[in-house]
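The data block below is my_file_27.cif; it holds mmCIF, C-alpha atoms.
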data_work
loop_
_atom_site.label_atom_id
_atom_site.label_comp_id
_atom_site.auth_asym_id
_atom_site.auth_seq_id
_atom_site.Cartn_x
_atom_site.Cartn_y
_atom_site.Cartn_z
CA MET C 18 26.64 24.59 -12.51
CA LYS C 19 25.87 22.17 -9.71
CA ALA C 20 24.56 23.06 -6.24
CA PHE C 21 24.19 20.76 -3.22
CA VAL C 22 21.12 21.53 -1.12
CA ALA C 23 20.58 20.29 2.45
CA SER C 24 18.39 21.19 5.41
CA CYS C 25 18.62 21.24 9.22
CA ILE C 26 16.74 22.86 12.10
CA VAL C 27 18.14 26.25 11.08
CA GLY C 28 16.94 26.23 7.47
CA VAL C 29 17.85 25.19 3.93
CA PHE C 30 21.41 25.72 2.69
CA ALA C 31 23.16 25.44 -0.68
CA PHE C 32 26.81 24.69 -1.34
CA ASN C 33 28.93 24.66 -4.49
CA GLU C 34 31.16 21.78 -5.55
CA ASP C 35 33.98 23.14 -3.41
CA GLY C 36 31.80 22.95 -0.30
CA GLU C 37 31.39 26.73 -0.06
CA LEU C 38 28.09 28.15 1.16
CA ILE C 39 26.43 30.01 -1.70
CA ASP C 40 22.92 30.72 -0.42
CA LYS C 41 20.45 29.97 2.35
CA VAL C 42 16.85 30.42 3.50
CA LEU C 43 16.31 30.22 7.26
CA PHE C 44 13.34 28.64 9.00
CA PRO C 45 11.19 30.65 11.45
CA LYS C 46 12.57 30.30 14.96
CA LYS C 47 9.49 28.43 16.22
CA VAL C 48 9.73 24.85 17.41
CA GLU C 49 6.38 23.72 15.96
CA GLU C 50 7.07 25.23 12.54
CA VAL C 51 10.61 23.83 12.38
CA ALA C 52 9.32 20.38 13.33
CA GLU C 53 6.57 20.61 10.71
CA ARG C 54 9.02 21.55 7.96
CA LEU C 55 11.56 18.85 8.87
CA SER C 56 8.77 16.27 8.94
CA LYS C 57 7.57 17.29 5.46
CA ILE C 58 11.14 17.25 4.10
CA LYS C 59 11.68 13.75 5.50
CA GLU C 60 8.49 12.58 3.75
CA GLY C 61 9.81 13.93 0.45
CA ASP C 62 7.59 17.02 0.29
CA LEU C 63 8.92 20.42 -0.77
CA VAL C 64 8.62 23.23 1.78
CA LYS C 65 8.41 26.88 0.77
CA GLU C 66 11.98 27.61 1.91
CA GLU C 67 13.27 24.95 -0.49
CA HIS C 68 11.21 26.39 -3.32
CA LYS C 69 12.58 29.84 -2.62
CA LEU C 70 16.20 28.66 -2.46
CA VAL C 71 15.99 26.53 -5.60
CA LYS C 72 14.44 29.44 -7.51
CA ALA C 73 17.26 31.73 -6.39
CA LEU C 74 19.87 29.14 -7.37
CA SER C 75 18.29 28.73 -10.79
CA MET C 76 18.33 32.49 -11.37
CA ALA C 77 22.01 32.51 -10.34
CA GLY C 78 22.85 30.00 -13.06
CA TYR C 79 22.78 26.72 -11.13
CA ASP C 80 21.06 24.22 -13.44
CA GLU C 81 21.53 21.05 -11.36
CA ILE C 82 20.37 20.55 -7.77
CA VAL C 83 21.72 17.59 -5.80
CA TRP C 84 19.93 16.58 -2.59
CA SER C 85 19.04 13.52 -0.56
CA LYS C 86 15.34 13.42 -1.42
CA HIS C 87 13.17 12.13 -4.27
CA SER C 88 11.53 15.41 -5.26
CA ASP C 89 11.25 17.19 -8.59
CA VAL C 90 11.15 20.94 -9.15
CA SER C 91 9.70 22.34 -12.35
CA GLY C 92 12.35 23.73 -14.70
CA VAL C 93 15.30 22.44 -12.65
CA ASN C 94 17.28 19.23 -13.00
CA THR C 95 17.20 17.57 -9.57
CA VAL C 96 19.40 14.60 -8.67
CA PHE C 97 18.94 12.26 -5.70
CA GLN C 98 22.19 11.47 -3.91
CA LYS C 99 22.14 10.07 -0.41
CA SER C 100 24.71 11.52 2.02
CA ASN C 101 26.01 14.09 -0.48
CA LEU C 102 28.44 16.95 0.02
CA GLY C 103 25.71 19.30 1.19
CA ASP C 104 24.50 16.96 3.95
CA ASP C 105 28.04 16.33 5.19
CA LYS C 106 28.93 20.02 5.19
CA LEU C 107 25.76 21.14 6.95
CA GLN C 108 25.97 18.42 9.60
CA SER C 109 29.33 19.76 10.75
CA GLU C 110 28.61 23.47 10.30
CA PHE C 111 24.94 24.07 11.20
CA ARG C 112 25.72 25.26 14.76
CA GLY C 113 28.14 27.85 13.43
CA TYR C 114 25.63 29.00 10.80
CA ALA C 115 22.90 29.32 13.45
CA ILE C 116 24.97 31.82 15.41
CA LYS C 117 26.57 33.50 12.38
CA PHE C 118 23.16 34.30 10.84
CA LYS C 119 21.71 35.27 14.25
CA TRP C 120 19.16 32.45 14.25
CA ALA C 121 20.41 31.61 17.77
CA ASN C 122 22.63 33.42 20.23
CA THR C 123 24.47 30.61 22.01
CA GLN C 124 25.24 26.91 21.72
CA ALA C 125 23.07 26.33 24.78
CA GLU C 126 20.11 27.94 22.98
CA ILE C 127 20.72 25.73 19.94
CA ASN C 128 20.74 22.65 22.18
CA GLU C 129 17.49 23.72 23.79
CA ILE C 130 15.78 24.29 20.44
CA LEU C 131 17.17 21.03 19.05
CA THR C 132 15.80 19.10 22.04
CA LYS C 133 12.36 20.69 21.73
CA VAL C 134 12.23 20.03 17.98
CA ASN C 135 13.17 16.38 18.48
CA ILE C 136 10.47 16.01 21.13
CA ALA C 137 7.91 17.61 18.79
CA LEU C 138 8.94 15.29 15.93
CA THR C 139 8.69 12.25 18.21
CA LYS C 140 5.21 13.25 19.38
CA THR C 141 4.10 13.78 15.79
CA LYS C 142 5.44 10.38 14.78
CA LEU C 143 3.68 8.68 17.68
CA ARG C 144 0.39 10.41 16.82
CA GLU C 145 0.59 9.42 13.18
CA VAL C 146 -0.98 6.14 12.20
CA LYS C 147 0.33 5.43 8.75
CA LYS C 148 -2.46 4.59 6.37
CA ASP C 149 -0.58 1.68 4.87
CA LYS C 150 -0.61 -0.05 8.27
CA ILE C 151 -4.40 0.35 8.44
CA ILE C 152 -4.77 -1.07 4.93
CA MET C 153 -2.57 -4.02 5.93
CA GLN C 154 -4.81 -4.75 8.92
CA ALA C 155 -7.92 -4.40 6.77
CA ILE C 156 -6.75 -6.83 4.07
CA SER C 157 -5.64 -9.34 6.72
CA SER C 158 -9.09 -9.08 8.31
CA LEU C 159 -10.77 -9.48 4.92
CA ASP C 160 -8.81 -12.64 4.14
CA GLU C 161 -9.60 -14.02 7.60
CA LEU C 162 -13.26 -13.13 7.08
CA ASP C 163 -13.21 -15.00 3.76
CA ARG C 164 -11.86 -18.11 5.46
CA THR C 165 -14.47 -17.83 8.23
CA ILE C 166 -17.31 -17.46 5.70
CA ASN C 167 -16.13 -20.57 3.85
CA ILE C 168 -15.95 -22.64 7.05
CA PHE C 169 -19.36 -21.44 8.27
CA SER C 170 -20.88 -22.01 4.83
CA GLU C 171 -19.54 -25.55 4.67
CA HIS C 172 -21.17 -26.34 8.03
CA MET C 173 -24.39 -24.64 6.90
CA ARG C 174 -24.62 -26.82 3.81
CA GLU C 175 -23.93 -29.98 5.80
CA TRP C 176 -26.45 -28.97 8.47
CA TYR C 177 -29.31 -27.91 6.17
CA GLY C 178 -28.39 -30.76 3.84
CA LEU C 179 -29.83 -33.16 6.41
CA HIS C 180 -33.18 -31.47 5.78
CA PHE C 181 -32.85 -30.73 2.04
CA PRO C 182 -29.79 -32.54 0.59
CA GLU C 183 -30.69 -31.83 -3.04
CA MET C 184 -30.46 -28.05 -2.63
CA SER C 185 -26.68 -28.07 -2.38
CA ARG C 186 -26.22 -29.00 -6.06
CA LEU C 187 -29.00 -26.63 -7.19
CA VAL C 188 -27.66 -23.52 -5.42
CA SER C 189 -23.98 -22.93 -6.14
CA THR C 190 -23.18 -19.75 -4.18
CA ASN C 191 -23.00 -19.79 -0.40
CA GLU C 192 -24.57 -16.35 -0.12
CA LYS C 193 -27.64 -17.40 -2.10
CA TYR C 194 -27.86 -20.61 -0.09
CA ALA C 195 -27.87 -18.63 3.16
CA GLU C 196 -30.45 -16.18 1.78
CA ILE C 197 -32.86 -19.03 0.96
CA ILE C 198 -32.60 -20.55 4.44
CA THR C 199 -32.88 -17.19 6.21
CA ALA C 200 -35.93 -16.11 4.20
CA ASN C 201 -37.88 -19.38 4.11
CA GLY C 202 -36.76 -21.83 6.78
CA LYS C 203 -38.30 -25.20 5.90
CA LYS C 204 -37.76 -26.58 2.41
CA PHE C 205 -41.48 -26.63 1.61
CA ASN C 206 -41.67 -22.84 2.12
CA ILE C 207 -39.16 -22.06 -0.63
CA PRO C 208 -41.06 -20.22 -3.42
CA ASP C 209 -38.62 -21.04 -6.24
CA LYS C 210 -40.51 -23.49 -8.49
CA ASN C 211 -37.55 -25.71 -9.25
CA LEU C 212 -36.48 -25.93 -5.61
CA ASN C 213 -40.06 -26.38 -4.39
CA LYS C 214 -40.64 -29.20 -6.83
CA THR C 215 -37.41 -30.87 -5.74
CA ALA C 216 -38.34 -30.38 -2.08
CA GLU C 217 -41.55 -32.38 -2.57
CA LYS C 218 -39.48 -35.40 -3.60
CA SER C 219 -36.63 -34.75 -1.21
CA GLY C 220 -35.33 -37.60 0.90
CA GLY C 221 -34.15 -35.30 3.68
CA MET C 222 -35.27 -35.60 7.27
CA ASP C 223 -37.87 -33.36 8.90
CA PHE C 224 -36.68 -30.42 10.99
CA SER C 225 -38.60 -29.20 14.01
CA ASP C 226 -39.49 -25.53 14.46
CA GLU C 227 -36.63 -25.22 16.93
CA ASP C 228 -34.22 -26.80 14.41
CA ILE C 229 -35.30 -24.33 11.73
CA LYS C 230 -35.13 -21.36 14.09
CA THR C 231 -31.54 -22.16 15.00
CA ILE C 232 -30.26 -22.79 11.46
CA ARG C 233 -32.01 -19.64 10.21
CA ALA C 234 -30.17 -17.63 12.85
CA TYR C 235 -26.94 -19.36 11.79
CA SER C 236 -27.48 -18.58 8.09
CA LYS C 237 -28.39 -14.99 8.99
CA SER C 238 -24.98 -14.63 10.68
CA ILE C 239 -23.36 -15.78 7.43
CA LEU C 240 -25.30 -13.14 5.48
CA ASP C 241 -24.10 -10.54 7.98
CA MET C 242 -20.52 -11.66 7.30
CA PHE C 243 -21.07 -11.33 3.55
CA LYS C 244 -22.35 -7.79 4.13
CA LEU C 245 -19.33 -6.98 6.30
CA LYS C 246 -17.04 -8.44 3.63
CA GLU C 247 -18.59 -6.11 1.04
CA GLU C 248 -18.11 -3.08 3.31
CA VAL C 249 -14.50 -3.94 4.14
CA THR C 250 -13.76 -4.59 0.46
CA LYS C 251 -15.11 -1.17 -0.54
CA TYR C 252 -13.12 0.47 2.25
CA ILE C 253 -9.89 -1.21 1.11
CA GLU C 254 -10.51 -0.28 -2.52
CA ASN C 255 -11.09 3.38 -1.66
CA GLU C 256 -8.19 3.69 0.77
CA THR C 257 -5.76 1.83 -1.47
CA LYS C 258 -6.59 4.07 -4.42
CA ASN C 259 -6.09 7.16 -2.26
CA GLU C 260 -2.93 6.05 -0.44
CA MET C 261 -1.13 4.32 -3.30
CA PRO C 262 -2.81 5.19 -6.62
CA ASN C 263 0.07 3.95 -8.75
CA ILE C 264 0.32 0.46 -7.23
CA SER C 265 -3.47 0.22 -7.21
CA ALA C 266 -3.65 1.08 -10.92
CA ILE C 267 -1.12 -1.61 -11.85
CA ALA C 268 -2.30 -4.43 -9.56
CA GLY C 269 -5.89 -3.52 -8.76
CA PRO C 270 -6.87 -2.33 -5.24
CA LEU C 271 -7.18 -5.71 -3.49
CA LEU C 272 -4.04 -7.26 -4.96
CA ALA C 273 -2.22 -4.01 -4.19
CA ALA C 274 -3.30 -4.29 -0.56
CA ARG C 275 -2.11 -7.91 -0.38
CA LEU C 276 1.26 -6.99 -1.88
CA LEU C 277 1.51 -4.20 0.69
CA ASN C 278 0.76 -6.66 3.48
CA TYR C 279 3.32 -9.22 2.30
CA SER C 280 5.99 -6.54 1.88
CA GLY C 281 5.48 -5.16 5.39
CA GLY C 282 4.53 -1.61 4.41
CA LEU C 283 4.78 0.95 1.64
CA GLU C 284 8.27 2.11 2.59
CA LYS C 285 9.65 -1.43 2.53
CA MET C 286 7.96 -2.15 -0.78
CA ALA C 287 9.36 1.05 -2.30
CA LYS C 288 12.86 -0.12 -1.42
CA MET C 289 12.41 -3.65 -2.78
CA PRO C 290 13.82 -4.76 -6.13
CA ALA C 291 11.30 -5.96 -8.71
CA SER C 292 12.49 -9.55 -8.32
CA THR C 293 11.49 -9.54 -4.63
CA ILE C 294 8.08 -8.01 -5.34
CA GLN C 295 7.49 -10.72 -7.94
CA LEU C 296 7.94 -13.43 -5.28
CA LEU C 297 5.99 -11.82 -2.42
CA GLY C 298 3.77 -14.52 -0.96
CA ALA C 299 5.91 -17.37 -2.32
CA GLU C 300 8.38 -17.43 0.56
CA LYS C 301 7.61 -21.03 1.58
CA ALA C 302 8.09 -22.29 -1.98
CA LEU C 303 11.33 -20.31 -2.25
CA PHE C 304 12.69 -21.79 0.99
CA ARG C 305 11.77 -25.29 -0.18
CA HIS C 306 13.67 -24.64 -3.41
CA LEU C 307 16.71 -23.36 -1.50
CA ARG C 308 16.66 -26.62 0.48
CA GLY C 309 16.66 -28.53 -2.80
CA GLU C 310 13.06 -29.71 -2.39
CA GLY C 311 11.40 -28.16 -5.43
CA LYS C 312 11.54 -25.79 -8.37
CA ALA C 313 12.17 -22.09 -7.95
CA PRO C 314 8.86 -20.18 -7.85
CA LYS C 315 8.19 -17.72 -10.66
CA PHE C 316 5.63 -15.64 -8.79
CA GLY C 317 3.85 -15.22 -5.48
CA VAL C 318 0.55 -13.49 -4.80
CA ILE C 319 1.10 -11.52 -8.01
CA PHE C 320 -0.08 -14.70 -9.79
CA GLY C 321 -3.64 -13.44 -9.21
CA HIS C 322 -3.11 -10.54 -11.62
CA PRO C 323 -5.49 -10.78 -14.63
CA TYR C 324 -2.64 -10.40 -17.14
CA ILE C 325 -0.86 -13.44 -15.72
CA GLN C 326 -4.08 -15.42 -15.54
CA ARG C 327 -4.87 -14.90 -19.20
CA ALA C 328 -1.31 -15.53 -20.45
CA ASP C 329 -0.15 -18.85 -21.89
CA LYS C 330 1.87 -21.00 -19.52
CA ASP C 331 5.18 -20.29 -21.27
CA LYS C 332 4.62 -16.51 -21.03
CA LYS C 333 3.35 -16.20 -17.47
CA GLY C 334 6.88 -15.69 -16.12
CA LYS C 335 7.64 -12.88 -18.58
CA ILE C 336 4.36 -11.14 -17.79
CA ALA C 337 5.05 -11.47 -14.07
CA ARG C 338 8.43 -9.79 -14.51
CA LEU C 339 6.84 -6.92 -16.44
CA ILE C 340 4.20 -6.39 -13.75
CA ALA C 341 6.75 -6.62 -10.91
CA SER C 342 8.97 -4.09 -12.66
CA LYS C 343 6.09 -1.63 -12.99
CA LEU C 344 5.02 -2.26 -9.39
CA SER C 345 8.54 -1.47 -8.21
CA LEU C 346 8.41 1.87 -10.03
CA ALA C 347 4.85 2.54 -8.89
CA SER C 348 5.71 1.94 -5.23
CA ARG C 349 8.52 4.49 -5.45
CA PHE C 350 6.14 7.09 -6.86
CA ASP C 351 3.61 6.32 -4.12
CA PHE C 352 6.11 6.50 -1.26
CA PHE C 353 8.83 8.96 -2.24
CA SER C 354 7.31 11.56 -4.52
CA LYS C 355 3.59 11.06 -3.79
CA THR C 356 2.85 11.78 -7.45
CA ASP C 357 0.07 10.06 -9.35
CA LYS C 358 1.56 8.57 -12.53
CA SER C 359 -1.03 5.77 -12.65
CA ALA C 360 -2.43 6.56 -16.10
CA ASP C 361 1.03 6.55 -17.73
CA LEU C 362 2.23 3.46 -15.85
CA LYS C 363 -0.92 1.51 -16.67
CA LYS C 364 -0.75 2.44 -20.35
CA GLU C 365 2.94 1.46 -20.55
CA LEU C 366 2.22 -1.89 -18.91
CA GLU C 367 -0.72 -2.61 -21.22
CA GLU C 368 1.44 -1.94 -24.27
CA GLN C 369 4.30 -4.11 -22.97
CA VAL C 370 1.96 -6.98 -22.10
CA GLU C 371 0.19 -6.88 -25.44
CA LYS C 372 3.55 -6.94 -27.21
CA THR C 373 4.68 -9.93 -25.13
CA LEU C 374 1.44 -11.86 -25.68
CA LYS C 375 1.66 -11.58 -29.47
#

Rendering of file as structure tokens:
Amino acid sequence: MKAFVASCIVGVFAFNEDGELIDKVLFPKKVEEVAERLSKIKEGDLVKEEHKLVKALSMAGYDEIVWSKHSDVSGVNTVFQKSNLGDDKLQSEFRGYAIKFKWANTQAEINEILTKVNIALTKTKLREVKKDKIIMQAISSLDELDRTINIFSEHMREWYGLHFPEMSRLVSTNEKYAEIITANGKKFNIPDKNLNKTAEKSGGMDFSDEDIKTIRAYSKSILDMFKLKEEVTKYIENETKNEMPNISAIAGPLLAARLLNYSGGLEKMAKMPASTIQLLGAEKALFRHLRGEGKAPKFGVIFGHPYIQRADKDKKGKIARLIASKLSLASRFDFFSKTDKSADLKKELEEQVEKTLK
């Protein structure tokens, strides 16, 4: 048998297929507790009243529960159906049920409680800073920091290159380049044998003590930015794994954060089709194509995924579709059910990719 389960400020109610009330579990008549339960239900969590009602329904022979939430209950077949019979019935009848089951005495009392609950829910929502928004700010800051480091490093190489032009081709990484300047200053003070030998024959101009002091301070600021970049990166990796373990497992923490940023938030991403996720970050290319100015893009920021990078050119599109499909499923797990299916999703993707690459 099928039961339709819905909730309101009064409690959780179950109806049969004819719209008849078959069971109920009322909430405590306390504004804070009602607000807390309704907030959890909206987020897709199961509250104890729902557990109790579903258990009673199961014992009464109801083997299918229909409700407007993405939540599973062990041993019971649950079906998501937005705006189902139960929701419609309860919306029109909850005031009558409140008085009938002595949860409230008058319509005026119901109105008062309803107002207080709505105020409590609004305050809770205003206090909450969703973690995905913080991650989005962090990844935006990290990308901006990357751009700043590159610009500063370019100027550093040009500046110190006047003193020691040969060092630029001998030291490839900007961080190492900055470390050498910060630690040693003038080219003749560099202890590295190869660099010191090159410095003796260098055609660069002499720098005064004041010149060296200033560029050392400048290179030190670049090293500080590299350190900050490392700290922000670790923060993003940790928070992304905690907040959205499934997306993080499929895309990797940093790519997951960038996808989150391009999508506008976890909720929006969870409601996106796989085809949209695949093109996140390629909006400009897509608009150019729609204007007839280029080919349709096959992928956006997802192109940075290791599986796509290692795939042959003719298979990159197929791999991108596989990854986008898994990301679509992963985002729904992360947002709606808050269940960690990362190990299974990652294993399934690996098998599908390997099969495609053969």

Target residues per the PyMOL selection byres ((chain C and resi 54) around 12), formatted as a ChimeraX atom specification: /C:24-29,43-53,55-67,134,137-138

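Residue nearest Lys147 of chain C within the list C:Ala266, C:Ser91, C:Leu283, C:Ala299: C:Leu283 [criterion: smallest interatomic distance, all atoms listed in the file].
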
Segment 315-327 of chain C environment, 10 Å, only C-alpha atoms, sequence neighbours closer than 4 positions dropped, as a PyMOL selection string: chain C and resi 267-269+272-273+275-276+279+292-303+332-338+340-341+366-367+370-371+374

Of the listed residues C:Thr215, C:Ser158, C:Ser354, C:Asn278, that which approaches Lys86 of chain C most closely, counting all atoms listed in the file: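 Of C:Thr215, C:Ser158, C:Ser354, C:Asn278, the one nearest Lys86 of chain C is C:Ser354, counting all atoms listed in the file.
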
Test item: the PyMOL selection byres ((chain C and resi 107-113) around 10) resolved as a PyMOL selection string: chain C and resi 22-32+36+38+102-106+114-121+123-124+127-128

Please, could you write that set of residues out with C-alpha atoms as a PDB file, in the coordinates of the input?
ATOM      1  CA  VAL C  22      21.120  21.530  -1.120  1.00  0.00           C
ATOM      2  CA  ALA C  23      20.580  20.290   2.450  1.00  0.00           C
ATOM      3  CA  SER C  24      18.390  21.190   5.410  1.00  0.00           C
ATOM      4  CA  CYS C  25      18.620  21.240   9.220  1.00  0.00           C
ATOM      5  CA  ILE C  26      16.740  22.860  12.100  1.00  0.00           C
ATOM      6  CA  VAL C  27      18.140  26.250  11.080  1.00  0.00           C
ATOM      7  CA  GLY C  28      16.940  26.230   7.470  1.00  0.00           C
ATOM      8  CA  VAL C  29      17.850  25.190   3.930  1.00  0.00           C
ATOM      9  CA  PHE C  30      21.410  25.720   2.690  1.00  0.00           C
ATOM     10  CA  ALA C  31      23.160  25.440  -0.680  1.00  0.00           C
ATOM     11  CA  PHE C  32      26.810  24.690  -1.340  1.00  0.00           C
ATOM     12  CA  GLY C  36      31.800  22.950  -0.300  1.00  0.00           C
ATOM     13  CA  LEU C  38      28.090  28.150   1.160  1.00  0.00           C
ATOM     14  CA  LEU C 102      28.440  16.950   0.020  1.00  0.00           C
ATOM     15  CA  GLY C 103      25.710  19.300   1.190  1.00  0.00           C
ATOM     16  CA  ASP C 104      24.500  16.960   3.950  1.00  0.00           C
ATOM     17  CA  ASP C 105      28.040  16.330   5.190  1.00  0.00           C
ATOM     18  CA  LYS C 106      28.930  20.020   5.190  1.00  0.00           C
ATOM     19  CA  TYR C 114      25.630  29.000  10.800  1.00  0.00           C
ATOM     20  CA  ALA C 115      22.900  29.320  13.450  1.00  0.00           C
ATOM     21  CA  ILE C 116      24.970  31.820  15.410  1.00  0.00           C
ATOM     22  CA  LYS C 117      26.570  33.500  12.380  1.00  0.00           C
ATOM     23  CA  PHE C 118      23.160  34.300  10.840  1.00  0.00           C
ATOM     24  CA  LYS C 119      21.710  35.270  14.250  1.00  0.00           C
ATOM     25  CA  TRP C 120      19.160  32.450  14.250  1.00  0.00           C
ATOM     26  CA  ALA C 121      20.410  31.610  17.770  1.00  0.00           C
ATOM     27  CA  THR C 123      24.470  30.610  22.010  1.00  0.00           C
ATOM     28  CA  GLN C 124      25.240  26.910  21.720  1.00  0.00           C
ATOM     29  CA  ILE C 127      20.720  25.730  19.940  1.00  0.00           C
ATOM     30  CA  ASN C 128      20.740  22.650  22.180  1.00  0.00           C
TER      31      ASN C 128
END

Would you mind putting N, CA and C atoms back on segment 216-230 of chain C and writing the result as an mmCIF file, keeping the file's coordinate frame?
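And here is the file that came out, result_13.cif:
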data_model
loop_
_atom_site.group_PDB
_atom_site.id
_atom_site.type_symbol
_atom_site.label_atom_id
_atom_site.label_comp_id
_atom_site.auth_asym_id
_atom_site.auth_seq_id
_atom_site.Cartn_x
_atom_site.Cartn_y
_atom_site.Cartn_z
ATOM 1 N N ALA C 216 -38.097 -30.184 -3.512
ATOM 2 C CA ALA C 216 -38.340 -30.380 -2.080
ATOM 3 C C ALA C 216 -39.437 -31.400 -1.825
ATOM 4 N N GLU C 217 -40.443 -31.442 -2.724
ATOM 5 C CA GLU C 217 -41.550 -32.380 -2.570
ATOM 6 C C GLU C 217 -41.084 -33.835 -2.655
ATOM 7 N N LYS C 218 -40.003 -34.046 -3.420
ATOM 8 C CA LYS C 218 -39.480 -35.400 -3.600
ATOM 9 C C LYS C 218 -38.219 -35.656 -2.765
ATOM 10 N N SER C 219 -37.879 -34.672 -1.956
ATOM 11 C CA SER C 219 -36.630 -34.750 -1.210
ATOM 12 C C SER C 219 -36.632 -35.898 -0.201
ATOM 13 N N GLY C 220 -35.467 -36.496 -0.056
ATOM 14 C CA GLY C 220 -35.330 -37.600 0.900
ATOM 15 C C GLY C 220 -34.779 -37.138 2.234
ATOM 16 N N GLY C 221 -34.704 -35.824 2.432
ATOM 17 C CA GLY C 221 -34.150 -35.300 3.680
ATOM 18 C C GLY C 221 -35.083 -35.493 4.864
ATOM 19 N N MET C 222 -34.503 -35.419 6.043
ATOM 20 C CA MET C 222 -35.270 -35.600 7.270
ATOM 21 C C MET C 222 -36.045 -34.341 7.630
ATOM 22 N N ASP C 223 -37.087 -34.511 8.449
ATOM 23 C CA ASP C 223 -37.870 -33.360 8.900
ATOM 24 C C ASP C 223 -37.112 -32.606 9.981
ATOM 25 N N PHE C 224 -37.255 -31.269 9.948
ATOM 26 C CA PHE C 224 -36.680 -30.420 10.990
ATOM 27 C C PHE C 224 -37.815 -29.853 11.823
ATOM 28 N N SER C 225 -37.609 -29.814 13.124
ATOM 29 C CA SER C 225 -38.600 -29.200 14.010
ATOM 30 C C SER C 225 -38.520 -27.688 13.893
ATOM 31 N N ASP C 226 -39.499 -27.005 14.482
ATOM 32 C CA ASP C 226 -39.490 -25.530 14.460
ATOM 33 C C ASP C 226 -38.246 -24.989 15.143
ATOM 34 N N GLU C 227 -37.828 -25.655 16.210
ATOM 35 C CA GLU C 227 -36.630 -25.220 16.930
ATOM 36 C C GLU C 227 -35.379 -25.418 16.076
ATOM 37 N N ASP C 228 -35.339 -26.548 15.325
ATOM 38 C CA ASP C 228 -34.220 -26.800 14.410
ATOM 39 C C ASP C 228 -34.119 -25.696 13.366
ATOM 40 N N ILE C 229 -35.253 -25.352 12.779
ATOM 41 C CA ILE C 229 -35.300 -24.330 11.730
ATOM 42 C C ILE C 229 -34.931 -22.961 12.290
ATOM 43 N N LYS C 230 -35.430 -22.652 13.482
ATOM 44 C CA LYS C 230 -35.130 -21.360 14.090
ATOM 45 C C LYS C 230 -33.626 -21.183 14.276
#
